[in-house]
Amino acid sequence: MWSTVILAIVTITAIALVVGLLLAYAHRRLPANPDQLTNRVNALLPQTQCAQCGHPGCRPYAAAIVEQGAAINLCPPGGDETIGRLADLLGRDVLPLLSPGMTPGSVAIIEESLCIGCTHCRDACPVDAIVGAHQFMHTVIRQECTGCELCLPPCPVDCINMVTAA
Amino acid sequence: MSAPTYDLGKLHGGLRLPGEKTASTARGIVVAPIPQQLVLPITQHVGNPAQPIVGIGERVLKGQLIAGADGPLSAPVHASSSGKVVAIEPWPVSRRHGEKAPCIIIDCDGQDQAIEPADAPAPYTALHPNDLLQKILQGGIVGLGGAVFPTAQKLMQATTTPLTHLLLNGVECEPYISCDDMLMREQAAEMLGGAQILMHALGLEQCYVVAESDKPEALENIAHAMAELDDPRIVLKQVPTIYPSGGEDQLVQLVTNLEVPSGGLPTDVGCVVQNVGTAAAIQRWIVSGEPLISRITTISGDGVAMPLNIEARIGTPIADVIGLAGGYTERASQMIIGGPMTGKSVTTDRVPVVKATNCILVLSEIVPLDDEKPCIRCGECAVVCPIQLLPQQLFWYACADNEKQLRAHGLTDCIECGCCDLVCPSHIPMTSDFRLAKARMRELADEKARAERARVRFESRNERVEVEQKRREEELAAQKESALAAGPAAIQDILARTGKKERQPTDRDQD
């Protein structure tokens, strides 16, 4: 009777020990999948693709946070809310937003009578939300515009304005 | 089969509220005169606003289509009387969001000339159910219980699932409102006709007409009309008077003892619920060809001299019909469109009667309740919640803006009936907090969807740019290679043959 009990205890302890060692080894040796973490960080970013963080888009910024330890307070459109969520996920301290930038919830609109059809804004748009061909009027697809303001500087005639999204 | 039957399911919680209905049911329905001016909002329904198809200055006839449905989740608007369109502009209306909505304003000429129907009314039994649904869509008919969901859309969604019962909802559980009661008293035959049309459209063989026990006259009249109609498919059901048993899901539970699943619809348990007024409107449209251009509305409260029910043209300004109720009393101080529990207060009586207006409530100054106090966790709210939610718990999460927990605790299933507010000893306005939290949740979900779309577009653009870049590099490399292969001698040879010197750059090249 006692031998059975002892046998059970010994067996289970042995299994626990082996599995524990295995897990500890795996944790030390196998690298965490940075892609997965980058994806999770990317999912928290607002996907405005405005590049105001100094990286060419949200996904590159996410990669920089994960792989190069970039600061988490560089995203103006995300604001404090995004910083809070990033801090939660990554176990870092909440920092104040470094520089306030664009107003969230605005979209670009092209003053079509002034547009000369240079395609510069079209090429600058990170989400392909501007349509138009060379020497033809361009227009913004309102539903797809993220309000990143990247189309403003390339415009040679300043015919793009930011308006509050309806 | 005409006596009411009682085999009922059980409803959790709910409240027995004072009815306050006898004042407005003492008289019959009064038909309101045609007003001088009609104000017809293009958003009288859930979904996309209707698109106006008339111009300013155009003469329109009664029943003429003036704004067409935009997409499947929308409903058309018809002129309620004949006259001239004078403006299409924002006008104060009663709605959840915002104070004003675009309205088509018609100066009536008083002739009330009706438009000739495009096709002679055919008996509905000759129509295929799908054609019948299409026809219902064109009638501008929406749920008249207050939710104003486009009826045709609701029916079309319903036909995609196996169905067993049609429920005609005559349960008017909110205090003061009595328009459905009066409709069942005076237009029971029309309502039953509508039920038959609906059964034909949905291919159903069983219909329950449900009314509360506090409406004996209505029950008697329906029973009478049913005896005349002699349709064994229609059964009258009587339910106890408990607020909010008139909610769709609650009604299904009461009558069939089947619980509508969380986040689901009555169709998930094989039921289609339609308001009795909607059924009558369908009968009028399909049989007589008159679209939804009028409705029965209760005018009640201690702020009017003579509470009653009126049948008003859609678009009649409320100021014009208050006179029928004897005008305002001295005590009148606030106006609510809808019932006291779920209605919305308005600040002007210029707002029109719309398809959703089931009640115009004019009340005297309400004695302000005590200030909001902290929750004492008494649990009364959970006892009365008809959805069996935990309002006190939800309240904490709503205050903390904890979206995950709000979802987990089923906030999306809250029907905003207001029972928890009423029983709360600390006078916490939970329902309004829930409304805000729901709006916030919707906003977050929208934002998430938008971000996701932007992410996908950004990634596919990057992919495209990369592919283009690669192709360009390859092309360049190929050109270089072929030039190198040909050697400098080949270029000299070409120049010699054409007899030209090496070309100088021109203006065109700088372009």
# chains A, B, ... in the order shown; residues from 1 in each chain; ligands from 1

call {"tool": "residues_around", "arguments": {"residues": "segment 403-409 of chain B", "least_positions_apart": "5", "cutoff": "10 Å", "atoms": "only C-alpha atoms", "output": "list in words"}}
result
Leu389, Leu390, Pro391, Gln393, Leu394, Phe395, Trp396, Tyr397, Ala398, Phe434, Ala437, Lys438, Arg440, Met441 and Leu444 of chain B

call {"tool": "closest_atom_pairs", "arguments": {"of": "chain A", "to": "chain B", "cutoff": "12 Å", "atoms": "only C-alpha atoms", "output": "Markdown table"}}
result
| residue | atom | partner | partner_atom | distance |
| --- | --- | --- | --- | --- |
| A:Asn39 | CA | B:Arg455 | CA | 11.1 |
| A:Asn42 | CA | B:Arg455 | CA | 9.0 |
| A:Ala43 | CA | B:Glu452 | CA | 8.1 |
| A:Leu44 | CA | B:Lys448 | CA | 9.2 |
| A:Leu45 | CA | B:Ala451 | CA | 8.2 |
| A:Pro46 | CA | B:Ala451 | CA | 5.7 |
| A:Gln47 | CA | B:Ala451 | CA | 5.1 |
| A:Thr48 | CA | B:Ala454 | CA | 6.9 |
| A:Gln49 | CA | B:Phe458 | CA | 7.4 |
| A:Cys50 | CA | B:Phe458 | CA | 10.8 |
| A:Pro56 | CA | B:Asn462 | CA | 10.5 |
| A:Gly57 | CA | B:Phe458 | CA | 8.1 |
| A:Cys58 | CA | B:Arg455 | CA | 8.1 |
| A:Arg59 | CA | B:Arg455 | CA | 8.3 |
| A:Pro60 | CA | B:Glu459 | CA | 10.8 |
| A:Pro77 | CA | B:Ala451 | CA | 11.7 |
| A:Gly78 | CA | B:Ala451 | CA | 11.0 |
| A:Glu81 | CA | B:Leu444 | CA | 11.8 |
| A:Pro104 | CA | B:Glu447 | CA | 11.2 |
| A:Gly105 | CA | B:Glu447 | CA | 10.0 |
| A:Arg122 | CA | B:Arg461 | CA | 11.8 |
| A:Asp123 | CA | B:Val465 | CA | 10.0 |
| A:Ala124 | CA | B:Arg461 | CA | 11.1 |
| A:Cys125 | CA | B:Phe458 | CA | 9.2 |
| A:Pro126 | CA | B:Phe458 | CA | 5.8 |
| A:Val127 | CA | B:Phe458 | CA | 4.6 |
| A:Asp128 | CA | B:Arg461 | CA | 6.8 |
| A:Ala129 | CA | B:Arg457 | CA | 8.7 |
| A:Arg142 | CA | B:Arg450 | CA | 11.8 |
| A:Gln143 | CA | B:Arg450 | CA | 8.6 |
| A:Glu144 | CA | B:Ala454 | CA | 6.9 |
| A:Cys145 | CA | B:Ala454 | CA | 8.2 |
| A:Thr146 | CA | B:Ala454 | CA | 7.2 |
| A:Gly147 | CA | B:Ala454 | CA | 10.9 |
| A:Cys148 | CA | B:Ala454 | CA | 11.1 |

call {"tool": "write_last_selection", "arguments": {"atoms": "C-alpha atoms", "output": "PDB file, in the first residue's frame"}}
result
ATOM      1  CA  ASN A  39       2.891  41.795 -34.863  1.00  0.00           C
ATOM      2  CA  ASN A  42       1.906  46.573 -34.601  1.00  0.00           C
ATOM      3  CA  ALA A  43      -1.691  45.668 -33.742  1.00  0.00           C
ATOM      4  CA  LEU A  44      -1.650  48.302 -30.982  1.00  0.00           C
ATOM      5  CA  LEU A  45      -0.433  51.077 -33.259  1.00  0.00           C
ATOM      6  CA  PRO A  46      -3.061  53.203 -34.987  1.00  0.00           C
ATOM      7  CA  GLN A  47      -1.910  52.248 -38.519  1.00  0.00           C
ATOM      8  CA  THR A  48      -1.935  55.845 -39.656  1.00  0.00           C
ATOM      9  CA  GLN A  49       1.398  55.217 -41.406  1.00  0.00           C
ATOM     10  CA  CYS A  50       2.251  58.877 -40.845  1.00  0.00           C
ATOM     11  CA  PRO A  56       8.548  54.696 -42.460  1.00  0.00           C
ATOM     12  CA  GLY A  57       5.213  53.370 -41.198  1.00  0.00           C
ATOM     13  CA  CYS A  58       3.665  51.597 -38.239  1.00  0.00           C
ATOM     14  CA  ARG A  59       5.075  48.155 -38.865  1.00  0.00           C
ATOM     15  CA  PRO A  60       8.680  49.432 -39.128  1.00  0.00           C
ATOM     16  CA  PRO A  77      -1.801  59.892 -33.588  1.00  0.00           C
ATOM     17  CA  GLY A  78      -1.945  57.071 -31.038  1.00  0.00           C
ATOM     18  CA  GLU A  81      -3.836  55.656 -25.028  1.00  0.00           C
ATOM     19  CA  PRO A 104      -6.514  62.518 -35.033  1.00  0.00           C
ATOM     20  CA  GLY A 105      -9.723  62.036 -36.989  1.00  0.00           C
ATOM     21  CA  ARG A 122      -0.262  59.982 -54.958  1.00  0.00           C
ATOM     22  CA  ASP A 123       3.223  58.562 -54.648  1.00  0.00           C
ATOM     23  CA  ALA A 124       3.597  59.871 -51.106  1.00  0.00           C
ATOM     24  CA  CYS A 125       0.405  58.268 -49.799  1.00  0.00           C
ATOM     25  CA  PRO A 126       1.306  55.261 -47.640  1.00  0.00           C
ATOM     26  CA  VAL A 127      -2.075  53.586 -48.017  1.00  0.00           C
ATOM     27  CA  ASP A 128      -2.818  54.260 -51.694  1.00  0.00           C
ATOM     28  CA  ALA A 129      -5.734  56.473 -50.775  1.00  0.00           C
ATOM     29  CA  ARG A 142     -12.047  59.536 -47.981  1.00  0.00           C
ATOM     30  CA  GLN A 143     -12.771  56.184 -46.369  1.00  0.00           C
ATOM     31  CA  GLU A 144      -9.184  55.042 -46.803  1.00  0.00           C
ATOM     32  CA  CYS A 145      -7.387  58.254 -45.791  1.00  0.00           C
ATOM     33  CA  THR A 146      -5.632  57.896 -42.438  1.00  0.00           C
ATOM     34  CA  GLY A 147      -4.952  61.617 -42.060  1.00  0.00           C
ATOM     35  CA  CYS A 148      -1.162  61.145 -41.997  1.00  0.00           C
TER      36      CYS A 148
END

call {"tool": "residues_around", "arguments": {"residues": "Ala356 of chain B", "least_positions_apart": "4", "cutoff": "12 Å", "atoms": "only C-alpha atoms", "output": "tab-separated table (two decimals) with C-alpha atoms, in the first residue's frame"}}
result
chain	number	residue	atom	x	y	z
B	41	PRO	CA	-37.16	63.82	-42.32
B	43	THR	CA	-33.95	59.57	-41.72
B	44	GLN	CA	-37.04	58.09	-40.13
B	45	HIS	CA	-35.57	54.62	-39.97
B	46	VAL	CA	-32.51	52.68	-38.93
B	93	VAL	CA	-36.28	66.38	-35.01
B	94	SER	CA	-36.34	63.89	-32.19
B	95	ARG	CA	-33.51	61.42	-32.53
B	96	ARG	CA	-30.79	59.79	-30.53
B	141	ILE	CA	-42.80	50.52	-43.93
B	142	VAL	CA	-40.67	50.38	-40.81
B	143	GLY	CA	-41.19	48.85	-37.38
B	144	LEU	CA	-43.73	51.12	-35.71
B	145	GLY	CA	-43.03	49.91	-32.18
B	146	GLY	CA	-40.33	52.54	-31.93
B	147	ALA	CA	-37.23	50.83	-33.30
B	148	VAL	CA	-38.09	51.83	-36.91
B	149	PHE	CA	-36.04	49.04	-38.44
B	150	PRO	CA	-36.98	48.69	-42.13
B	179	CYS	CA	-51.41	53.82	-29.51
B	275	ASN	CA	-45.57	45.37	-34.07
B	277	GLY	CA	-49.18	48.84	-36.06
B	278	THR	CA	-46.66	47.60	-38.60
B	292	LEU	CA	-46.90	54.53	-44.66
B	294	SER	CA	-49.85	58.26	-41.23
B	295	ARG	CA	-49.67	56.64	-37.84
B	296	ILE	CA	-51.49	56.52	-34.53
B	297	THR	CA	-49.81	58.52	-31.80
B	298	THR	CA	-50.65	58.96	-28.13
B	314	ILE	CA	-46.28	61.60	-40.92
B	315	GLY	CA	-44.57	64.99	-40.94
B	337	ILE	CA	-41.08	61.79	-27.64
B	338	GLY	CA	-41.69	58.14	-26.79
B	339	GLY	CA	-42.38	56.72	-23.37
B	343	GLY	CA	-38.16	58.24	-24.78
B	344	LYS	CA	-36.11	61.27	-25.62
B	352	PRO	CA	-42.66	66.59	-36.63
B	360	ILE	CA	-45.92	62.58	-27.32

call {"tool": "select_by_dssp", "arguments": {"residues": "segment 199-238 of chain B", "states": "alpha helix (DSSP H)", "output": "PyMOL selection string"}}
result
chain B and resi 199-202+216-229

call {"tool": "residues_around", "arguments": {"residues": "Cys271 of chain B", "least_positions_apart": "6", "cutoff": "7 Å", "atoms": "only C-alpha atoms", "output": "number ranges by chain"}}
result
B: 163-167

call {"tool": "residues_around", "arguments": {"residues": "segment 68-72 of chain B", "least_positions_apart": "2", "cutoff": "9 Å", "atoms": "only C-alpha atoms", "output": "ChimeraX atom specification"}}
result
/B:47-53,65-66,74-78,137-138,140,150,152-153

call {"tool": "residues_around", "arguments": {"residues": "Met306 of chain B", "least_positions_apart": "2", "cutoff": "7 Å", "atoms": "only C-alpha atoms", "output": "PyMOL selection string"}}
result
chain B and resi 304+308+325-326

call {"tool": "atom_distance", "arguments": {"atom1": "atom CA of Ser333 of chain B", "atom2": "atom CA of Cys173 of chain B"}}
result
24.4 Å

call {"tool": "residues_around", "arguments": {"residues": "Gln250 of chain B", "least_positions_apart": "2", "cutoff": "10 Å", "atoms": "only C-alpha atoms", "output": "number ranges by chain"}}
result
B: 9-12, 14, 243-248, 252-255, 257-260, 266, 386-387

call {"tool": "closest_residue", "arguments": {"among": "A:Ala51, A:Ile6, A:Ile83, A:Leu37", "to": "Val66 of chain A", "atoms": "only C-alpha atoms"}}
result
A:Leu37

call {"tool": "select_by_dssp", "arguments": {"residues": "segment 70-106 of chain B", "states": "strand (DSSP E)", "output": "MDAnalysis selection string"}}
result
chainID B and resid 77:78 83:92 100:106

call {"tool": "closest_residue", "arguments": {"among": "A:Val131, A:Ile160, A:Ile65, A:Val10", "to": "Val107 of chain A", "atoms": "only C-alpha atoms"}}
result
A:Ile160
